[in-house]
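Some notes on the structure that comes next.
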Amino acid sequence: MLLKDEVAVVTGSSRGIGAATAIKLAEEGADLVINYNSDRESAEETAAKVRELGRNALIVQGNVANSNDAKNLIKSTIDEYGKIDILVNNAGITKDGLILRMKEEDFSSVIDVNLKGTFNCTKNAIRYMMKQRHGKIVNLSSVVGLMGNAGQANYAASKAGVVGFSKSIAKEVSKRGINVNVVAPGYIDTEMTEELPSQVKEDMLDSIPLNRFGEVEDVANVILFLVSPLSSYVNGQTINIDGGMLM
């Protein structure tokens, strides 16, 4: 097992990419902390699947945009397991709209969860990782953050910020044995993307050379690589998982 007895925190892991990632890491031997904000039932389902694999699963409710919640998430991890080896900052939201119609609170809330939430959890986790002189952090961006997208100025800004944030943190903490990388998914079949209009989906499919939408497991597989010993010399990088859409 690539992650035998390691401890991983995956934010927003009640469903979608986060749930798939938590299960994938458990398959490789990690104990998990399942984080959710509002969907307790789905978090319980993810935890049950982790336990079926013979691994431990701690469920912690919290909004990562809230600094106290983020602090409690990491503290609960340390209290339960005594360490944190892996942090996957996956929690994210969208509130799409053209700029002239976008409300200030819609812009701020997306930035708060997607970017500030990544900051909150990273800052708290790094305190322990630096003492351990070991850690792997993977932050979720998006191809939208790299190329922009009409109607998603807030989301694009938050995800572009994640890339710059991650590169900066990698330069700060790498000498302490901590790797920081980013994955930027393209169109992945999740509950979030199911809400897009059919015409948008058709146009997007035309732009993907592999001619298919991604599955959550496609993202989870790359995250597994980045948090495992196989990627020990990969640092400060952004890996697109988009079927070739952005190249």
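Chain labels follow the order of the structure tokens: the first chain is A, the next B, and so on; residue numbering restarts at 1 in every chain, and ligands are counted from 1 in their shown order.
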Enumerate the residues of chain A with a DSSP assignment of alpha helix (DSSP H), computed from the backbone, and present them as a ChimeraX atom specification. /A:16-27,40-52,67-81,104-111,117-132,143-147,153-173,191-194,198-206,216-227
Write out, as an mmCIF file, in the first residue's frame, the residues just selected, with C-alpha atoms.
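Writing done, so here's result21.cif:
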data_model
loop_
_atom_site.group_PDB
_atom_site.id
_atom_site.type_symbol
_atom_site.label_atom_id
_atom_site.label_comp_id
_atom_site.auth_asym_id
_atom_site.auth_seq_id
_atom_site.Cartn_x
_atom_site.Cartn_y
_atom_site.Cartn_z
ATOM 1 C CA GLY A 16 -18.068 14.177 -5.661
ATOM 2 C CA ILE A 17 -14.317 14.477 -6.140
ATOM 3 C CA GLY A 18 -13.740 14.730 -2.403
ATOM 4 C CA ALA A 19 -15.540 11.483 -1.609
ATOM 5 C CA ALA A 20 -13.816 9.641 -4.460
ATOM 6 C CA THR A 21 -10.457 10.916 -3.232
ATOM 7 C CA ALA A 22 -11.091 9.864 0.362
ATOM 8 C CA ILE A 23 -12.016 6.357 -0.743
ATOM 9 C CA LYS A 24 -9.027 6.135 -3.097
ATOM 10 C CA LEU A 25 -6.608 7.109 -0.314
ATOM 11 C CA ALA A 26 -8.220 4.598 2.034
ATOM 12 C CA GLU A 27 -7.721 1.873 -0.577
ATOM 13 C CA ARG A 40 -24.042 14.908 7.122
ATOM 14 C CA GLU A 41 -25.773 11.951 5.497
ATOM 15 C CA SER A 42 -23.392 11.897 2.528
ATOM 16 C CA ALA A 43 -20.412 12.294 4.857
ATOM 17 C CA GLU A 44 -21.582 9.236 6.784
ATOM 18 C CA GLU A 45 -21.824 7.300 3.520
ATOM 19 C CA THR A 46 -18.247 8.219 2.587
ATOM 20 C CA ALA A 47 -17.009 7.288 6.054
ATOM 21 C CA ALA A 48 -18.796 3.935 5.846
ATOM 22 C CA LYS A 49 -17.038 3.117 2.576
ATOM 23 C CA VAL A 50 -13.679 4.019 4.120
ATOM 24 C CA ARG A 51 -14.354 1.756 7.090
ATOM 25 C CA GLU A 52 -15.390 -1.082 4.796
ATOM 26 C CA SER A 67 -11.057 30.233 10.375
ATOM 27 C CA ASN A 68 -12.256 28.680 13.625
ATOM 28 C CA ASP A 69 -13.865 25.759 11.792
ATOM 29 C CA ALA A 70 -10.682 25.175 9.814
ATOM 30 C CA LYS A 71 -8.605 25.267 12.982
ATOM 31 C CA ASN A 72 -10.951 22.791 14.638
ATOM 32 C CA LEU A 73 -10.760 20.466 11.620
ATOM 33 C CA ILE A 74 -7.000 20.139 11.908
ATOM 34 C CA LYS A 75 -6.999 20.064 15.722
ATOM 35 C CA SER A 76 -9.582 17.263 15.677
ATOM 36 C CA THR A 77 -7.311 15.351 13.318
ATOM 37 C CA ILE A 78 -4.352 15.676 15.670
ATOM 38 C CA ASP A 79 -6.450 14.801 18.708
ATOM 39 C CA GLU A 80 -7.734 11.641 16.993
ATOM 40 C CA TYR A 81 -4.663 10.413 15.143
ATOM 41 C CA GLU A 104 -21.044 41.289 -4.288
ATOM 42 C CA GLU A 105 -21.939 38.576 -1.782
ATOM 43 C CA ASP A 106 -21.830 35.956 -4.557
ATOM 44 C CA PHE A 107 -18.322 37.038 -5.471
ATOM 45 C CA SER A 108 -17.169 37.151 -1.859
ATOM 46 C CA SER A 109 -18.654 33.801 -0.807
ATOM 47 C CA VAL A 110 -16.941 31.934 -3.646
ATOM 48 C CA ILE A 111 -13.599 33.558 -2.848
ATOM 49 C CA GLY A 117 -10.732 28.106 2.812
ATOM 50 C CA THR A 118 -7.593 26.712 1.199
ATOM 51 C CA PHE A 119 -5.533 29.262 3.112
ATOM 52 C CA ASN A 120 -7.249 28.494 6.421
ATOM 53 C CA CYS A 121 -6.740 24.739 6.264
ATOM 54 C CA THR A 122 -3.225 24.946 4.846
ATOM 55 C CA LYS A 123 -2.031 27.368 7.511
ATOM 56 C CA ASN A 124 -3.285 25.169 10.327
ATOM 57 C CA ALA A 125 -2.004 21.902 8.827
ATOM 58 C CA ILE A 126 1.445 23.253 8.022
ATOM 59 C CA ARG A 127 2.123 24.006 11.687
ATOM 60 C CA TYR A 128 2.118 20.269 12.366
ATOM 61 C CA MET A 129 3.704 19.191 9.092
ATOM 62 C CA MET A 130 6.698 21.459 9.695
ATOM 63 C CA LYS A 131 7.281 19.849 13.088
ATOM 64 C CA GLN A 132 7.035 16.403 11.472
ATOM 65 C CA VAL A 143 -9.034 24.799 -15.826
ATOM 66 C CA VAL A 144 -11.441 27.729 -15.462
ATOM 67 C CA GLY A 145 -8.863 29.349 -13.214
ATOM 68 C CA LEU A 146 -6.268 28.990 -15.969
ATOM 69 C CA MET A 147 -8.299 30.072 -19.000
ATOM 70 C CA ALA A 153 -15.479 35.556 -12.853
ATOM 71 C CA ASN A 154 -15.703 34.777 -9.141
ATOM 72 C CA TYR A 155 -14.932 31.073 -9.576
ATOM 73 C CA ALA A 156 -12.091 31.735 -12.025
ATOM 74 C CA ALA A 157 -10.558 34.314 -9.702
ATOM 75 C CA SER A 158 -10.703 31.940 -6.741
ATOM 76 C CA LYS A 159 -9.163 29.046 -8.660
ATOM 77 C CA ALA A 160 -6.453 31.184 -10.245
ATOM 78 C CA GLY A 161 -5.653 32.393 -6.744
ATOM 79 C CA VAL A 162 -5.232 28.810 -5.566
ATOM 80 C CA VAL A 163 -2.450 28.294 -8.119
ATOM 81 C CA GLY A 164 -0.497 31.375 -7.071
ATOM 82 C CA PHE A 165 -1.064 30.615 -3.407
ATOM 83 C CA SER A 166 0.188 27.051 -3.798
ATOM 84 C CA LYS A 167 3.374 28.027 -5.626
ATOM 85 C CA SER A 168 4.161 30.576 -2.923
ATOM 86 C CA ILE A 169 3.592 28.097 -0.098
ATOM 87 C CA ALA A 170 5.694 25.462 -1.878
ATOM 88 C CA LYS A 171 8.617 27.893 -1.894
ATOM 89 C CA GLU A 172 8.124 28.593 1.814
ATOM 90 C CA VAL A 173 7.888 25.070 3.206
ATOM 91 C CA GLU A 191 -23.513 17.144 -8.947
ATOM 92 C CA MET A 192 -22.055 20.620 -9.459
ATOM 93 C CA THR A 193 -21.561 20.217 -13.222
ATOM 94 C CA GLU A 194 -24.903 18.460 -13.709
ATOM 95 C CA SER A 198 -27.220 21.022 -22.041
ATOM 96 C CA GLN A 199 -25.874 23.369 -24.727
ATOM 97 C CA VAL A 200 -22.945 24.332 -22.488
ATOM 98 C CA LYS A 201 -22.175 20.648 -21.975
ATOM 99 C CA GLU A 202 -22.261 19.958 -25.728
ATOM 100 C CA ASP A 203 -19.971 22.889 -26.488
ATOM 101 C CA MET A 204 -17.551 21.765 -23.801
ATOM 102 C CA LEU A 205 -17.467 18.194 -25.090
ATOM 103 C CA ASP A 206 -16.498 19.504 -28.530
ATOM 104 C CA VAL A 216 -14.277 11.716 -10.270
ATOM 105 C CA GLU A 217 -11.919 8.728 -10.194
ATOM 106 C CA ASP A 218 -9.784 10.390 -12.884
ATOM 107 C CA VAL A 219 -9.083 13.217 -10.465
ATOM 108 C CA ALA A 220 -8.707 10.960 -7.433
ATOM 109 C CA ASN A 221 -6.051 8.911 -9.230
ATOM 110 C CA VAL A 222 -3.866 11.956 -9.867
ATOM 111 C CA ILE A 223 -4.320 13.180 -6.306
ATOM 112 C CA LEU A 224 -3.235 9.743 -5.058
ATOM 113 C CA PHE A 225 -0.065 10.047 -7.128
ATOM 114 C CA LEU A 226 0.674 13.510 -5.725
ATOM 115 C CA VAL A 227 0.253 12.483 -2.074
#
Quick one: which segment 69-103 of chain A residues come within 7 Å of segment 2-15 of chain A, and what is the nearest atom pair for each with the distance in Å to one decimal, counting only C-alpha atoms, rows ordered by chain and ascending number, as JSON lines?
{"residue": "A:Lys83", "atom": "CA", "partner": "A:Val7", "partner_atom": "CA", "distance": 6.8}
{"residue": "A:Ile84", "atom": "CA", "partner": "A:Val7", "partner_atom": "CA", "distance": 5.2}
{"residue": "A:Asp85", "atom": "CA", "partner": "A:Val7", "partner_atom": "CA", "distance": 5.2}
{"residue": "A:Ile86", "atom": "CA", "partner": "A:Ala8", "partner_atom": "CA", "distance": 4.4}
{"residue": "A:Leu87", "atom": "CA", "partner": "A:Val9", "partner_atom": "CA", "distance": 4.9}
{"residue": "A:Val88", "atom": "CA", "partner": "A:Val10", "partner_atom": "CA", "distance": 4.7}
{"residue": "A:Asn89", "atom": "CA", "partner": "A:Thr11", "partner_atom": "CA", "distance": 5.4}
{"residue": "A:Asn90", "atom": "CA", "partner": "A:Thr11", "partner_atom": "CA", "distance": 5.2}
{"residue": "A:Ala91", "atom": "CA", "partner": "A:Gly12", "partner_atom": "CA", "distance": 4.1}
Would you write out those residues with C-alpha atoms, as a PDB file, in the first residue's frame?
ATOM      1  CA  LYS A  83      -0.502  13.534  13.179  1.00  0.00           C
ATOM      2  CA  ILE A  84      -1.468  14.747   9.708  1.00  0.00           C
ATOM      3  CA  ASP A  85       0.429  13.495   6.661  1.00  0.00           C
ATOM      4  CA  ILE A  86      -1.841  14.604   3.822  1.00  0.00           C
ATOM      5  CA  LEU A  87      -4.137  17.563   3.220  1.00  0.00           C
ATOM      6  CA  VAL A  88      -6.369  17.758   0.147  1.00  0.00           C
ATOM      7  CA  ASN A  89      -8.110  21.134  -0.115  1.00  0.00           C
ATOM      8  CA  ASN A  90     -11.091  20.126  -2.204  1.00  0.00           C
ATOM      9  CA  ALA A  91     -14.023  22.075  -0.717  1.00  0.00           C
TER      10      ALA A  91
END
Ile208 of chain A surroundings by only C-alpha atoms, 8 Å radius, close-in-sequence under 5 positions cut, as a PDB file with C-alpha atoms, in the first residue's frame:
ATOM      1  CA  PHE A 213     -16.134  14.034 -19.764  1.00  0.00           C
ATOM      2  CA  ASP A 242      -9.106  17.761 -18.571  1.00  0.00           C
ATOM      3  CA  GLY A 243      -8.762  15.240 -21.404  1.00  0.00           C
ATOM      4  CA  GLY A 244      -6.552  17.703 -23.283  1.00  0.00           C
ATOM      5  CA  MET A 245      -9.056  20.575 -23.273  1.00  0.00           C
TER       6      MET A 245
END
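Omitting Thr238 of chain A and its sequence neighbours fewer than 2 positions away, and counting only C-alpha atoms, the residues within 9 Å are Ser141, Val163, Lys167, Asn181, Val182, Val183, Ala184, Asn235, Gly236 and Asn240 of chain A.
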What's the 7 Å shell around Ile93 of chain A, counting only C-alpha atoms, without same-chain residues fewer than 2 positions away, as a short mmCIF file (atom, residue, chain, number, x, y, z; two decimals) with N, CA and C atoms, in the first residue's frame?
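around_3.cif, written as the output of this step:
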data_model
loop_
_atom_site.label_atom_id
_atom_site.label_comp_id
_atom_site.auth_asym_id
_atom_site.auth_seq_id
_atom_site.Cartn_x
_atom_site.Cartn_y
_atom_site.Cartn_z
N LYS A 95 -21.13 30.13 -7.72
CA LYS A 95 -22.30 31.00 -7.77
C LYS A 95 -22.16 31.84 -9.04
N VAL A 110 -17.74 32.89 -2.87
CA VAL A 110 -16.94 31.93 -3.65
C VAL A 110 -15.46 32.09 -3.32
N VAL A 113 -14.78 30.54 0.29
CA VAL A 113 -14.70 29.09 0.40
C VAL A 113 -13.52 28.54 -0.40
N ASN A 114 -13.44 28.92 -1.66
CA ASN A 114 -12.47 28.30 -2.56
C ASN A 114 -11.03 28.72 -2.29
#
Can you tell me how far atom CA of Arg212 of chain A sits from atom CA of Gly97 of chain A, in Å to one decimal? 25.9 Å
Shortest contact to Arg133 of chain A, candidates A:Gly151, A:Gly177, A:Gly29, A:Gly92, atoms counted only C-alpha atoms, goes to A:Gly177
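Compared by their closest atoms to Gly135 of chain A, and using only C-alpha atoms, the residues A:Ser228, A:Gln237, A:Thr94, A:Asn35 rank with A:Ser228 nearest.
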As number ranges by chain, please: every residue in segment 39-90 of chain A that DSSP puts in strand (DSSP E). A: 57-61, 86-89
